>>> print(open('entry_3.txt').read())   # compact mmCIF, C-alpha atoms
# COMPACT_ATOMS: atom_id res chain seq x y z
CA MET A 1 24.93 175.34 63.89
CA SER A 2 21.56 174.41 62.55
CA MET A 3 22.38 174.27 58.86
CA THR A 4 22.01 170.94 57.12
CA ARG A 5 24.65 169.29 54.96
CA GLU A 6 22.84 170.30 51.75
CA GLU A 7 22.51 173.92 52.86
CA VAL A 8 26.22 174.15 53.65
CA LEU A 9 27.35 172.55 50.40
CA ASN A 10 24.87 174.46 48.23
CA GLY A 11 25.89 177.65 49.99
CA MET A 12 29.54 176.98 49.10
CA ARG A 13 28.58 176.13 45.51
CA THR A 14 26.61 179.31 44.94
CA ARG A 15 29.04 181.60 46.72
CA PHE A 16 32.25 180.20 45.22
CA GLY A 17 30.82 178.70 42.03
CA ASP A 18 33.23 180.56 39.78
CA VAL A 19 36.36 179.27 41.53
CA ILE A 20 35.27 175.69 42.21
CA LEU A 21 36.71 173.51 39.45
CA ASP A 22 35.30 170.21 40.70
CA PHE A 23 32.89 169.30 43.45
CA HIS A 24 33.24 165.64 44.29
CA ASP A 25 30.57 164.49 46.74
CA LYS A 26 32.29 161.23 47.58
CA SER A 27 30.13 159.93 50.40
CA ALA A 28 27.86 161.11 53.19
CA LYS A 29 30.93 162.00 55.25
CA ARG A 30 33.44 163.14 52.63
CA VAL A 31 33.50 165.96 50.11
CA TYR A 32 36.40 166.98 47.88
CA VAL A 33 36.36 170.50 46.49
CA GLU A 34 38.91 171.36 43.84
CA LEU A 35 39.64 175.06 43.70
CA LYS A 36 41.53 177.50 41.56
CA PRO A 37 44.76 178.05 43.51
CA GLY A 38 44.06 181.75 43.99
CA ALA A 39 40.76 181.06 45.75
CA LEU A 40 42.10 178.84 48.49
CA VAL A 41 42.33 181.51 51.18
CA PRO A 42 38.76 182.90 50.90
CA VAL A 43 37.18 179.43 50.73
CA ALA A 44 39.23 178.15 53.66
CA GLY A 45 38.35 181.33 55.58
CA HIS A 46 34.67 180.73 54.88
CA LEU A 47 34.91 177.16 56.19
CA PHE A 48 37.02 178.06 59.19
CA ARG A 49 35.39 181.27 60.36
CA GLU A 50 31.81 181.17 59.16
CA LEU A 51 31.06 177.45 59.33
CA GLY A 52 33.24 176.84 62.38
CA ALA A 53 35.08 173.98 60.68
CA ARG A 54 38.13 172.50 62.33
CA PHE A 55 41.38 172.42 60.36
CA HIS A 56 42.96 169.00 60.69
CA ILE A 57 45.98 168.71 58.44
CA ALA A 58 47.17 169.37 54.95
CA SER A 59 48.72 166.83 52.64
CA GLY A 60 50.87 167.23 49.57
CA VAL A 61 50.93 164.86 46.62
CA ASP A 62 53.05 164.62 43.49
CA ASN A 63 50.71 163.12 40.90
CA ARG A 64 53.44 163.19 38.18
CA SER A 65 51.87 165.93 36.06
CA GLN A 66 51.06 168.34 38.88
CA LEU A 67 51.63 168.92 42.56
CA GLU A 68 48.54 168.89 44.75
CA VAL A 69 47.92 170.32 48.18
CA LEU A 70 44.89 169.09 50.09
CA TYR A 71 43.62 170.91 53.15
CA HIS A 72 41.37 168.75 55.29
CA PHE A 73 38.61 170.33 57.37
CA SER A 74 35.84 168.80 59.41
CA VAL A 75 32.47 170.30 60.15
CA GLU A 76 31.73 168.46 63.33
CA ALA A 77 28.07 169.44 63.68
CA LEU A 78 27.43 167.72 60.33
CA ASN A 79 29.88 164.84 60.77
CA LEU A 80 31.40 165.93 57.47
CA LEU A 81 34.98 166.04 56.18
CA VAL A 82 35.64 168.70 53.57
CA THR A 83 38.90 168.60 51.63
CA LEU A 84 40.02 171.61 49.64
CA ARG A 85 42.29 170.55 46.80
CA VAL A 86 44.49 172.79 44.66
CA LYS A 87 46.56 171.55 41.75
CA LEU A 88 49.76 173.47 41.08
CA ASP A 89 52.08 173.80 38.13
CA LYS A 90 55.12 171.61 38.69
CA ARG A 91 57.60 174.12 37.23
CA ALA A 92 56.71 176.85 39.72
CA PRO A 93 54.47 175.40 42.44
CA ARG A 94 53.12 178.33 44.38
CA VAL A 95 49.99 178.87 46.42
CA ASP A 96 48.87 181.42 48.99
CA SER A 97 49.63 180.38 52.54
CA LEU A 98 46.79 179.67 54.94
CA VAL A 99 48.83 180.73 57.95
CA PRO A 100 47.47 184.29 58.16
CA THR A 101 43.97 182.77 58.32
CA ILE A 102 44.74 179.59 60.29
CA LYS A 103 47.76 179.63 62.55
CA GLY A 104 47.79 175.85 62.92
CA ALA A 105 48.72 175.39 59.27
CA ALA A 106 52.21 176.79 59.80
CA TRP A 107 54.17 173.61 60.52
CA ILE A 108 52.49 171.39 57.96
CA GLU A 109 53.11 174.02 55.29
CA ARG A 110 56.76 174.11 56.30
CA GLU A 111 56.91 170.34 55.97
CA ILE A 112 55.21 170.32 52.57
CA HIS A 113 57.58 173.08 51.50
CA GLU A 114 60.70 171.09 52.37
CA LEU A 115 59.48 167.71 51.11
CA LEU A 116 57.72 168.75 47.88
CA GLY A 117 59.13 172.17 47.18
CA ILE A 118 55.84 174.03 47.15
CA ASP A 119 56.21 177.72 47.86
CA PHE A 120 53.58 179.10 50.24
CA THR A 121 53.29 182.79 49.50
CA GLY A 122 52.81 184.84 52.63
CA HIS A 123 54.05 182.17 55.04
CA PRO A 124 55.71 184.09 57.88
CA ASP A 125 58.49 181.58 58.58
CA GLN A 126 59.13 179.09 55.80
CA ARG A 127 62.17 177.39 57.29
CA ARG A 128 62.78 173.67 57.12
CA LEU A 129 60.96 171.58 59.66
CA LEU A 130 62.38 168.05 59.69
CA LEU A 131 65.13 167.49 57.14
CA SER A 132 68.69 167.48 58.39
CA GLU A 133 70.99 170.46 57.94
CA GLU A 134 73.20 168.72 55.39
CA TRP A 135 70.29 168.28 52.99
CA PRO A 136 70.99 170.35 49.84
CA GLU A 137 68.74 173.22 48.83
CA GLY A 138 66.35 172.57 45.98
CA VAL A 139 66.25 168.77 46.38
CA TYR A 140 62.79 167.58 47.35
CA PRO A 141 62.64 163.96 48.50
CA LEU A 142 58.95 163.27 47.94
CA ARG A 143 58.95 164.41 44.32
CA ARG A 144 58.55 161.60 41.80
CA ASP A 145 61.69 162.65 39.96
CA TYR A 146 63.84 162.65 43.12
CA GLN A 147 67.38 161.42 42.47
CA GLU A 148 69.85 160.23 45.08
CA TRP A 149 72.24 163.09 45.75
CA ASP A 150 74.40 161.55 48.48
CA ALA A 151 77.44 159.82 47.01
CA LYS A 152 78.06 158.07 50.33
CA ALA A 153 74.66 156.38 50.49
CA ILE A 154 74.73 152.58 50.47
CA ARG A 155 71.66 150.90 49.03
CA ASP A 156 72.61 147.23 49.07
CA ARG A 157 71.78 144.98 51.98
CA GLY A 158 75.36 143.92 52.59
CA VAL A 159 74.44 140.50 53.97
CA MET B 1 90.76 138.30 83.06
CA SER B 2 90.85 141.79 84.44
CA VAL B 3 88.49 142.84 87.19
CA THR B 4 86.76 145.26 84.86
CA MET B 5 86.04 142.60 82.27
CA ARG B 6 84.90 140.10 84.89
CA ALA B 7 82.47 142.63 86.33
CA LEU B 8 81.28 143.62 82.88
CA LEU B 9 80.51 140.05 81.89
CA LYS B 10 79.00 139.17 85.26
CA SER B 11 76.50 141.97 85.13
CA PRO B 12 76.30 143.84 81.84
CA TRP B 13 74.27 146.99 82.12
CA VAL B 14 72.41 147.79 78.99
CA PHE B 15 71.50 151.08 77.43
CA HIS B 16 68.68 150.97 74.97
CA LEU B 17 68.92 153.42 72.09
CA SER B 18 66.17 153.80 69.53
CA THR B 19 67.41 155.52 66.39
CA GLY B 20 64.03 155.91 64.80
CA SER B 21 62.44 152.49 65.16
CA CYS B 22 58.76 151.69 64.95
CA ASN B 23 58.91 150.76 68.67
CA ASN B 24 58.27 147.09 68.03
CA CYS B 25 61.85 146.08 68.82
CA ASP B 26 61.74 148.36 71.86
CA ILE B 27 58.69 146.52 73.15
CA GLU B 28 60.48 143.19 72.72
CA VAL B 29 63.49 144.56 74.59
CA LEU B 30 61.20 145.58 77.44
CA ASP B 31 59.58 142.12 77.31
CA CYS B 32 62.96 140.67 78.21
CA LEU B 33 62.70 142.46 81.55
CA THR B 34 59.29 141.05 82.43
CA PRO B 35 59.04 138.13 84.90
CA ARG B 36 58.38 135.73 82.03
CA PHE B 37 61.86 136.19 80.54
CA ASP B 38 63.55 138.06 83.37
CA ILE B 39 67.01 138.87 82.07
CA GLU B 40 67.83 140.47 85.40
CA ARG B 41 68.62 136.96 86.62
CA PHE B 42 71.65 137.16 84.31
CA GLY B 43 72.65 140.42 85.96
CA MET B 44 71.45 142.54 83.08
CA ARG B 45 69.43 145.64 83.61
CA LEU B 46 68.55 148.71 81.66
CA ALA B 47 70.73 151.66 82.55
CA ALA B 48 69.08 155.04 82.58
CA SER B 49 72.09 156.79 81.13
CA ILE B 50 74.60 155.72 78.52
CA ARG B 51 77.36 156.76 80.91
CA HIS B 52 76.43 153.88 83.23
CA ALA B 53 76.17 151.25 80.52
CA ASP B 54 78.41 148.45 79.24
CA VAL B 55 76.23 147.40 76.33
CA LEU B 56 74.64 149.65 73.72
CA LEU B 57 71.47 148.16 72.26
CA VAL B 58 70.48 149.89 69.04
CA THR B 59 67.07 149.49 67.45
CA GLY B 60 65.73 151.19 64.38
CA SER B 61 67.12 152.35 61.05
CA CYS B 62 69.56 155.20 61.54
CA ASN B 63 68.31 158.28 59.79
CA ARG B 64 70.25 161.35 58.84
CA LYS B 65 69.52 163.12 62.08
CA SER B 66 69.99 160.21 64.48
CA MET B 67 73.23 158.89 62.93
CA ILE B 68 75.04 161.99 64.17
CA ARG B 69 73.76 161.30 67.68
CA VAL B 70 74.64 157.59 67.51
CA LYS B 71 78.16 158.48 66.51
CA ARG B 72 78.48 161.03 69.29
CA ILE B 73 77.12 158.62 71.90
CA TYR B 74 79.49 155.86 70.83
CA GLU B 75 82.59 157.96 70.39
CA GLU B 76 82.26 160.42 73.25
CA GLN B 77 79.84 159.23 75.90
CA VAL B 78 80.04 155.46 76.33
CA PRO B 79 82.56 154.28 78.93
CA LYS B 80 84.89 151.83 77.24
CA PRO B 81 84.97 148.85 76.91
CA CYS B 82 81.54 148.86 75.32
CA VAL B 83 79.88 146.33 73.07
CA VAL B 84 77.25 147.24 70.51
CA VAL B 85 74.24 145.06 69.74
CA ALA B 86 72.09 145.74 66.68
CA ILE B 87 68.54 144.55 67.33
CA GLY B 88 66.11 143.94 64.51
CA GLU B 89 66.16 144.14 60.75
CA CYS B 90 66.20 147.94 60.67
CA ALA B 91 69.36 148.28 62.74
CA MET B 92 71.09 145.61 60.65
CA SER B 93 70.19 146.54 57.09
CA ARG B 94 67.44 149.16 57.47
CA GLY B 95 64.79 146.63 56.47
CA MET B 96 62.06 148.20 54.40
CA PHE B 97 63.67 151.62 54.73
CA ILE B 98 66.75 150.66 52.71
CA HIS B 99 65.81 152.95 49.82
CA SER B 100 64.54 155.77 52.01
CA TYR B 101 66.04 159.17 51.29
CA ASN B 102 66.54 159.60 55.01
CA CYS B 103 68.42 156.36 55.79
CA PRO B 104 71.65 156.46 53.79
CA GLN B 105 73.78 154.03 55.80
CA PRO B 106 73.32 150.88 57.88
CA LEU B 107 74.35 150.98 61.53
CA ASP B 108 77.57 148.96 61.11
CA ARG B 109 78.94 151.58 58.70
CA ILE B 110 78.47 154.23 61.34
CA ILE B 111 79.79 152.49 64.46
CA PRO B 112 81.33 149.00 64.91
CA VAL B 113 78.72 146.36 65.79
CA ASN B 114 79.58 143.26 67.82
CA VAL B 115 76.40 141.23 67.67
CA TYR B 116 73.45 141.22 65.27
CA ILE B 117 70.06 139.94 66.40
CA PRO B 118 67.83 139.52 63.33
CA GLY B 119 64.07 139.55 63.29
CA CYS B 120 61.25 141.99 62.76
CA PRO B 121 61.00 142.19 65.70
CA PRO B 122 63.27 139.53 67.26
CA LYS B 123 61.56 137.46 69.93
CA PRO B 124 62.73 137.94 73.50
CA GLU B 125 64.22 134.42 73.30
CA ALA B 126 66.30 135.56 70.32
CA ILE B 127 67.47 138.63 72.20
CA ILE B 128 68.50 136.51 75.20
CA ALA B 129 70.29 134.04 72.90
CA GLY B 130 72.06 136.94 71.23
CA VAL B 131 73.20 138.36 74.53
CA VAL B 132 74.51 134.96 75.65
CA LYS B 133 76.45 134.68 72.38
CA LEU B 134 77.78 138.16 72.98
CA ILE B 135 79.02 137.26 76.48
CA ASN B 136 80.67 134.07 75.18
CA LYS B 137 82.24 135.98 72.31
CA VAL B 138 83.74 138.58 74.63
CA LYS B 139 84.93 135.84 77.03
CA ALA B 140 86.62 133.98 74.19
CA SER B 141 88.35 137.12 72.95
CA ILE B 142 90.21 137.82 76.21
>>> encode(input="entry_3.txt", output="structure tokens")
Amino acid sequence: MSMTREEVLNGMRTRFGDVILDFHDKSAKRVYVELKPGALVPVAGHLFRELGARFHIASGVDNRSQLEVLYHFSVEALNLLVTLRVKLDKRAPRVDSLVPTIKGAAWIEREIHELLGIDFTGHPDQRRLLLSEEWPEGVYPLRRDYQEWDAKAIRDRGV
Amino acid sequence: MSVTMRALLKSPWVFHLSTGSCNNCDIEVLDCLTPRFDIERFGMRLAASIRHADVLLVTGSCNRKSMIRVKRIYEEQVPKPCVVVAIGECAMSRGMFIHSYNCPQPLDRIIPVNVYIPGCPPKPEAIIAGVVKLINKVKASI
């Protein structure tokens, strides 16, 4: 790819200007792009298919007022990390799944689903990934308001 | 002393079980087998299978998924008599994972523990001292 960093970023800004809520050019190697949740799939598809970016991982965060999902991509020809960030309503966190576009996102979306309770619409197989079978439905351990549900849990050191 | 117990104390075979540790304790356990510490001179060696072992070394904080396996190994697979050694802070009290949603109980609430070796991780000297205490404890109890 012969495009420069500025051409790539300006191209994204002009093409998706109406869905980009915040464009944070953090450093020469790192860009955060906050999107409207509905626009995640087309922007990720643009990065993945047209720019040849590599999908690394997604991360989920509970920032108290909202739940965030961050999809991390790298454009290796430019030595650039691009993170797509969506902020979701905590009462009904829902975003379109990237799995139909990027197969490799399947397991990390399952993990974010079980740990933070974010619903990925269109995910083909949204089972639990890591939590044990006895874990109750609807309890999400990485939420800020998580409460201990297990009456048998012992939290003192005992020594 | 019965023949079984004499053989067990003469040459305790050890099975090393990591229940979700950070691998630091496991590295110290392996250090005990190096020529510098050489616990094989006490007749100890790592057994490849729990069914060949006399001692169960447990490292790591038991999480919800591994505690089921620990219980099954101790109750169904270990040949008795068997002694259990908890190595490191995590196996004893779960260390920094005490408030983790995934570590509800310390090891000694899941299976009986005979010897605790504290440290994060314990030095190989501490592990050897712990094993000597264990052998003396078992000798004194019979």
>>> residues_around(input="entry_3.txt", residues="stretch 20-23 of chain A", least_positions_apart="6", cutoff="9 Å", atoms="all atoms listed in the file", output="PyMOL selection string")
chain A and resi 13+31-36+39
>>> interface_residues(input="entry_3.txt", of="chain B", to="chain A", cutoff="12 Å", atoms="all atoms listed in the file", output="PyMOL selection string")
chain B and resi 63-68+89-110+116+118
>>> atom_distance(input="entry_3.txt", atom1="atom CA of A:Val75", atom2="atom CA of A:Thr4")
10.9 Å
>>> residues_around(input="entry_3.txt", residues="A:Ala28", least_positions_apart="5", cutoff="9 Å", atoms="all atoms listed in the file", output="ChimeraX atom specification")
/A:5,79-80
>>> atom_distance(input="entry_3.txt", atom1="atom CA of A:Asp119", atom2="atom CA of A:Val95")
6.5 Å
>>> residues_around(input="entry_3.txt", residues="A:Asn63", least_positions_apart="5", cutoff="10 Å", atoms="all atoms listed in the file", output="PDB file with C-alpha atoms, keeping the file's coordinate frame")
ATOM      1  CA  GLU A  68      48.540 168.890  44.750  1.00  0.00           C
ATOM      2  CA  LYS A  87      46.560 171.550  41.750  1.00  0.00           C
ATOM      3  CA  LYS A  90      55.120 171.610  38.690  1.00  0.00           C
ATOM      4  CA  ARG A 143      58.950 164.410  44.320  1.00  0.00           C
ATOM      5  CA  ARG A 144      58.550 161.600  41.800  1.00  0.00           C
TER       6      ARG A 144
END
>>> closest_residue(input="entry_3.txt", among="B:Val84, B:Cys120, B:Phe37, B:Leu9", to="B:Gly60", atoms="all atoms listed in the file")
B:Cys120
>>> residues_around(input="entry_3.txt", residues="stretch 27-34 of chain B", least_positions_apart="4", cutoff="12 Å", atoms="only C-alpha atoms", output="ChimeraX atom specification")
/B:14-18,21-23,38-46,57-59,85-88,117,119-131
>>> write_last_selection(input="entry_3.txt", atoms="C-alpha atoms", output="PDB file, in the coordinates of the input")
ATOM      1  CA  VAL B  14      72.410 147.790  78.990  1.00  0.00           C
ATOM      2  CA  PHE B  15      71.500 151.080  77.430  1.00  0.00           C
ATOM      3  CA  HIS B  16      68.680 150.970  74.970  1.00  0.00           C
ATOM      4  CA  LEU B  17      68.920 153.420  72.090  1.00  0.00           C
ATOM      5  CA  SER B  18      66.170 153.800  69.530  1.00  0.00           C
ATOM      6  CA  SER B  21      62.440 152.490  65.160  1.00  0.00           C
ATOM      7  CA  CYS B  22      58.760 151.690  64.950  1.00  0.00           C
ATOM      8  CA  ASN B  23      58.910 150.760  68.670  1.00  0.00           C
ATOM      9  CA  ASP B  38      63.550 138.060  83.370  1.00  0.00           C
ATOM     10  CA  ILE B  39      67.010 138.870  82.070  1.00  0.00           C
ATOM     11  CA  GLU B  40      67.830 140.470  85.400  1.00  0.00           C
ATOM     12  CA  ARG B  41      68.620 136.960  86.620  1.00  0.00           C
ATOM     13  CA  PHE B  42      71.650 137.160  84.310  1.00  0.00           C
ATOM     14  CA  GLY B  43      72.650 140.420  85.960  1.00  0.00           C
ATOM     15  CA  MET B  44      71.450 142.540  83.080  1.00  0.00           C
ATOM     16  CA  ARG B  45      69.430 145.640  83.610  1.00  0.00           C
ATOM     17  CA  LEU B  46      68.550 148.710  81.660  1.00  0.00           C
ATOM     18  CA  LEU B  57      71.470 148.160  72.260  1.00  0.00           C
ATOM     19  CA  VAL B  58      70.480 149.890  69.040  1.00  0.00           C
ATOM     20  CA  THR B  59      67.070 149.490  67.450  1.00  0.00           C
ATOM     21  CA  VAL B  85      74.240 145.060  69.740  1.00  0.00           C
ATOM     22  CA  ALA B  86      72.090 145.740  66.680  1.00  0.00           C
ATOM     23  CA  ILE B  87      68.540 144.550  67.330  1.00  0.00           C
ATOM     24  CA  GLY B  88      66.110 143.940  64.510  1.00  0.00           C
ATOM     25  CA  ILE B 117      70.060 139.940  66.400  1.00  0.00           C
ATOM     26  CA  GLY B 119      64.070 139.550  63.290  1.00  0.00           C
ATOM     27  CA  CYS B 120      61.250 141.990  62.760  1.00  0.00           C
ATOM     28  CA  PRO B 121      61.000 142.190  65.700  1.00  0.00           C
ATOM     29  CA  PRO B 122      63.270 139.530  67.260  1.00  0.00           C
ATOM     30  CA  LYS B 123      61.560 137.460  69.930  1.00  0.00           C
ATOM     31  CA  PRO B 124      62.730 137.940  73.500  1.00  0.00           C
ATOM     32  CA  GLU B 125      64.220 134.420  73.300  1.00  0.00           C
ATOM     33  CA  ALA B 126      66.300 135.560  70.320  1.00  0.00           C
ATOM     34  CA  ILE B 127      67.470 138.630  72.200  1.00  0.00           C
ATOM     35  CA  ILE B 128      68.500 136.510  75.200  1.00  0.00           C
ATOM     36  CA  ALA B 129      70.290 134.040  72.900  1.00  0.00           C
ATOM     37  CA  GLY B 130      72.060 136.940  71.230  1.00  0.00           C
ATOM     38  CA  VAL B 131      73.200 138.360  74.530  1.00  0.00           C
TER      39      VAL B 131
END
>>> build_atoms(input="entry_3.txt", residues="stretch 9-42 of chain A", atoms="N, CA and C atoms", output="short mmCIF file (atom, residue, chain, number, x, y, z; two decimals), in the frame of the given file")
data_model
loop_
_atom_site.label_atom_id
_atom_site.label_comp_id
_atom_site.auth_asym_id
_atom_site.auth_seq_id
_atom_site.Cartn_x
_atom_site.Cartn_y
_atom_site.Cartn_z
N LEU A 9 26.68 172.81 51.67
CA LEU A 9 27.35 172.55 50.40
C LEU A 9 26.78 173.42 49.29
N ASN A 10 25.45 173.60 49.26
CA ASN A 10 24.87 174.46 48.23
C ASN A 10 25.31 175.90 48.44
N GLY A 11 25.41 176.31 49.70
CA GLY A 11 25.89 177.65 49.99
C GLY A 11 27.29 177.87 49.44
N MET A 12 28.18 176.87 49.65
CA MET A 12 29.54 176.98 49.10
C MET A 12 29.49 177.05 47.58
N ARG A 13 28.63 176.19 46.97
CA ARG A 13 28.58 176.13 45.51
C ARG A 13 28.10 177.45 44.91
N THR A 14 27.11 178.07 45.53
CA THR A 14 26.61 179.31 44.94
C THR A 14 27.59 180.45 45.21
N ARG A 15 28.17 180.47 46.39
CA ARG A 15 29.04 181.60 46.72
C ARG A 15 30.37 181.54 45.98
N PHE A 16 30.93 180.33 45.84
CA PHE A 16 32.25 180.20 45.22
C PHE A 16 32.19 179.45 43.90
N GLY A 17 31.00 179.47 43.26
CA GLY A 17 30.82 178.70 42.03
C GLY A 17 31.85 178.98 40.96
N ASP A 18 32.31 180.23 40.87
CA ASP A 18 33.23 180.56 39.78
C ASP A 18 34.66 180.09 40.04
N VAL A 19 34.99 179.73 41.28
CA VAL A 19 36.36 179.27 41.53
C VAL A 19 36.43 177.77 41.82
N ILE A 20 35.27 177.13 41.96
CA ILE A 20 35.27 175.69 42.21
C ILE A 20 35.39 174.98 40.87
N LEU A 21 36.49 174.22 40.70
CA LEU A 21 36.71 173.51 39.45
C LEU A 21 36.01 172.17 39.46
N ASP A 22 35.92 171.53 40.63
CA ASP A 22 35.30 170.21 40.70
C ASP A 22 34.74 170.02 42.09
N PHE A 23 33.52 169.52 42.15
CA PHE A 23 32.89 169.30 43.45
C PHE A 23 32.56 167.82 43.53
N HIS A 24 33.38 167.09 44.27
CA HIS A 24 33.24 165.64 44.29
C HIS A 24 32.60 165.22 45.61
N ASP A 25 31.31 164.89 45.54
CA ASP A 25 30.57 164.49 46.74
C ASP A 25 30.77 163.00 46.93
N LYS A 26 31.86 162.63 47.62
CA LYS A 26 32.29 161.23 47.58
C LYS A 26 31.36 160.34 48.39
N SER A 27 31.03 160.75 49.58
CA SER A 27 30.13 159.93 50.40
C SER A 27 29.43 160.86 51.38
N ALA A 28 28.61 160.29 52.24
CA ALA A 28 27.86 161.11 53.19
C ALA A 28 28.80 161.89 54.11
N LYS A 29 30.02 161.36 54.30
CA LYS A 29 30.93 162.00 55.25
C LYS A 29 32.09 162.72 54.60
N ARG A 30 32.20 162.69 53.25
CA ARG A 30 33.44 163.14 52.63
C ARG A 30 33.13 163.93 51.37
N VAL A 31 33.69 165.13 51.30
CA VAL A 31 33.50 165.96 50.11
C VAL A 31 34.86 166.50 49.69
N TYR A 32 35.18 166.39 48.42
CA TYR A 32 36.40 166.98 47.88
C TYR A 32 36.03 168.17 47.02
N VAL A 33 36.65 169.30 47.26
CA VAL A 33 36.36 170.50 46.49
C VAL A 33 37.66 170.95 45.85
N GLU A 34 37.70 170.88 44.52
CA GLU A 34 38.91 171.36 43.84
C GLU A 34 38.73 172.81 43.48
N LEU A 35 39.75 173.61 43.85
CA LEU A 35 39.64 175.06 43.70
C LEU A 35 40.71 175.58 42.76
N LYS A 36 40.44 176.76 42.19
CA LYS A 36 41.53 177.50 41.56
C LYS A 36 42.49 177.91 42.67
N PRO A 37 43.81 177.78 42.42
CA PRO A 37 44.76 178.05 43.51
C PRO A 37 44.57 179.41 44.18
N GLY A 38 44.20 180.42 43.42
CA GLY A 38 44.06 181.75 43.99
C GLY A 38 42.91 181.88 44.97
N ALA A 39 41.96 180.92 44.93
CA ALA A 39 40.76 181.06 45.75
C ALA A 39 40.84 180.27 47.05
N LEU A 40 42.00 179.70 47.31
CA LEU A 40 42.10 178.84 48.49
C LEU A 40 41.82 179.60 49.78
N VAL A 41 42.44 180.78 49.91
CA VAL A 41 42.33 181.51 51.18
C VAL A 41 40.89 181.92 51.50
N PRO A 42 40.14 182.54 50.55
CA PRO A 42 38.76 182.90 50.90
C PRO A 42 37.87 181.70 51.21
#
